[in-house]
Amino acid sequence: MTSSKSSPSSVRDSLELLAKNWSIEPQIYDLQLGNRKDVYDTTLRVDKVTYHIPTLATDKLFVLWRCLWPDCHNCCDRQGRLPLTIDDVHVITRKMGYRLESEFLKNETKISSWDEKDEKGRVSTLFTMLSLKRKVDENDSEDGTPVSCRFLSKEGNCGLQPEKPGVCWLYPFASWINIENNVPVVHATFQFTGDCPGFYLSDSLDQMIPVLNEYAKTIYHYNMAVRRTIRNSYGLINFVK
Ligand code: SF4
Ligand code: SF4
């Protein structure tokens, strides 16, 4: 699941903005624009997550990532959507000082609907979930568009930390569940929205293994939380055949 949906033109706009402050390797720029035709996945199982690492065949290089915070907080400055799991609702209700969840839901959340496309650009999944308003007066037409999150401080810290929404812990990973041999298997890859300067190229996966280890538990638990959310009717997922 992604926190925002990006069309090719919005990725281009985001990359142009990003390039004003950060140096982006040309191959990574092209990859995010969908201009590389030689990309394949290197799959790697870490803990309970199968990662799909984009790999550039011509250059023989992996696309890897590390977070540049505190020098960067671009994902909070250009936040697209904050879908909430049922666990998020329980925790953030209290964090924001509400006694009643119903009051929190009424004042601080909205309903977001969006679709995800498969690798051929066909709509594969429709989501409807509660999402945390990124600004107090957020309206429906802003859903999925970049907004500077109201919880981001001038110093670049999150005012909800460590109770920030689960989706905030994942970026720039996108993750999903496939049913394999009757067992749910969690997969993850990068989402290329054009807003993250943390991608880099390497001929070895070694330096990213600690990061993949660190994120595997978070990604797995987030996906289980999404399943609980749907089961408890706090959200809906429809798979398009
Ligand atoms: S945009 Fe990327 S590098 Fe910057 S804080 Fe977010 S995840 Fe880290
Ligand atoms: S809730 Fe916190 S981590 Fe999430 S986008 Fe807002 S400031 Fe960033």
# chains A, B, ... in the order shown; residues from 1 in each chain; ligands from 1

$ closest_atom_pairs --of "range 127-182 of chain A" --to "range 221-240 of chain A" --cutoff "8 Å" --atoms "only C-alpha atoms" --output "CSV"
residue,atom,partner,partner_atom,distance
A:Phe127,CA,A:Ile237,CA,4.7
A:Thr128,CA,A:Leu236,CA,5.0
A:Met129,CA,A:Gly235,CA,4.4
A:Leu130,CA,A:Gly235,CA,6.7
A:Gly166,CA,A:Tyr222,CA,6.2
A:Val167,CA,A:Tyr222,CA,7.5
A:Ser175,CA,A:Asn223,CA,7.5
A:Trp176,CA,A:Asn223,CA,7.0
A:Ile177,CA,A:Asn223,CA,7.3

$ write_last_selection --atoms "N, CA and C atoms" --output "compact mmCIF listing (two decimals), in the first residue's frame"
# COMPACT_ATOMS: atom_id res chain seq x y z
N PHE A 127 -9.03 0.98 -2.80
CA PHE A 127 -8.98 1.12 -1.34
C PHE A 127 -9.94 2.22 -0.89
N THR A 128 -10.59 1.99 0.23
CA THR A 128 -11.32 3.06 0.92
C THR A 128 -10.93 2.95 2.39
N MET A 129 -10.31 4.01 2.91
CA MET A 129 -9.85 3.95 4.30
C MET A 129 -10.03 5.31 4.96
N LEU A 130 -10.07 5.28 6.28
CA LEU A 130 -10.02 6.54 7.02
C LEU A 130 -8.61 7.10 6.87
N GLY A 166 1.13 4.31 10.96
CA GLY A 166 1.97 3.21 10.48
C GLY A 166 2.54 3.49 9.10
N VAL A 167 1.74 4.11 8.26
CA VAL A 167 2.20 4.34 6.88
C VAL A 167 3.44 5.25 6.84
N SER A 175 4.05 -1.84 0.03
CA SER A 175 3.97 -3.26 0.38
C SER A 175 2.58 -3.80 0.09
N TRP A 176 2.51 -5.11 -0.05
CA TRP A 176 1.23 -5.75 -0.36
C TRP A 176 1.31 -7.21 0.07
N ILE A 177 0.13 -7.85 0.09
CA ILE A 177 0.07 -9.26 0.49
C ILE A 177 -0.39 -10.10 -0.69

$ select_by_dssp --residues "range 105-177 of chain A" --states "strand (DSSP E or B)" --output "JSON, numbers by chain"
{"A": [109, 110, 111, 112, 113, 114, 115, 116, 117, 123, 124, 125, 126, 127, 128, 129, 130, 131, 132, 147, 152, 158, 173, 174, 175, 176, 177]}

$ residues_near_ligand --ligand "ligand 1" --cutoff "7 Å" --atoms "only C-alpha atoms and all ligand atoms" --output "PDB file with C-alpha atoms, in the first residue's frame"
ATOM      1  CA  ARG A  66      18.858   5.127   2.934  1.00  0.00           C
ATOM      2  CA  CYS A  67      16.939   7.815   4.794  1.00  0.00           C
ATOM      3  CA  LEU A  68      18.605  11.239   4.874  1.00  0.00           C
ATOM      4  CA  TRP A  69      16.642  12.545   7.865  1.00  0.00           C
ATOM      5  CA  PRO A  70      17.307  14.931   9.679  1.00  0.00           C
ATOM      6  CA  CYS A  72      15.639  15.766   4.693  1.00  0.00           C
ATOM      7  CA  HIS A  73      11.949  15.652   5.612  1.00  0.00           C
ATOM      8  CA  ASN A  74      10.573  15.900   2.128  1.00  0.00           C
ATOM      9  CA  CYS A  75       8.099  13.030   2.571  1.00  0.00           C
ATOM     10  CA  CYS A  76       6.376  14.999   5.362  1.00  0.00           C
ATOM     11  CA  TYR A 171       7.929   5.367   3.128  1.00  0.00           C
ATOM     12  CA  PRO A 172       9.441   4.956   0.561  1.00  0.00           C
ATOM     13  CA  ASP A 195       9.898  13.002  -3.508  1.00  0.00           C
ATOM     14  CA  CYS A 196      12.706  11.034  -1.867  1.00  0.00           C
ATOM     15  CA  PRO A 197      16.385  11.895  -2.414  1.00  0.00           C
ATOM     16  CA  GLY A 198      17.568   8.777  -0.560  1.00  0.00           C
TER      17      GLY A 198
END

$ residues_near_ligand --ligand "ligand 2" --cutoff "8 Å" --atoms "only C-alpha atoms and all ligand atoms" --output "JSON, numbers by chain"
{"A": [73, 75, 76, 77, 79, 82, 134, 148, 149, 150, 151, 152, 153, 156, 157, 158, 159, 160, 161, 164, 165, 167, 168, 169]}

$ residues_around --residues "Leu105 in chain A" --least-positions-apart "5" --cutoff "10 Å" --atoms "only C-alpha atoms" --output "MDAnalysis selection string"
chainID A and resid 89 93 98 100 110:111 130:132

$ residues_around --residues "Asp38 in chain A" --least-positions-apart "2" --cutoff "8 Å" --atoms "only C-alpha atoms" --output "ChimeraX atom specification"
/A:36,40,56-58

$ select_by_dssp --residues "range 9-240 of chain A" --states "helix (DSSP H, G or I)" --output "ChimeraX atom specification"
/A:9-21,26-32,74-77,86-95,101-108,140-142,166-170,206-231

$ atom_distance --atom1 "CA of Arg81 in chain A" --atom2 "CA of Glu142 in chain A"
9.0 Å

$ residues_around --residues "Ser202 in chain A" --least-positions-apart "5" --cutoff "12 Å" --atoms "only C-alpha atoms" --output "NGL selection string"
:A and (25 or 27-28 or 53-56 or 59-65 or 207-208)

$ closest_residue --among "A:Leu18, A:Leu170, A:Met96, A:Ala216" --to "Val186 in chain A" --atoms "only C-alpha atoms"
A:Ala216

$ atom_distance --atom1 "CA of Thr145 in chain A" --atom2 "CA of Arg78 in chain A"
8.0 Å

$ closest_residue --among "A:Asp143, A:Glu180, A:Asp206, A:Glu155" --to "Asp71 in chain A" --atoms "only C-alpha atoms"
A:Glu155

$ closest_residue --among "A:Leu126, A:Leu201, A:Val185, A:Ile86" --to "Tyr29 in chain A" --atoms "only C-alpha atoms"
A:Leu201
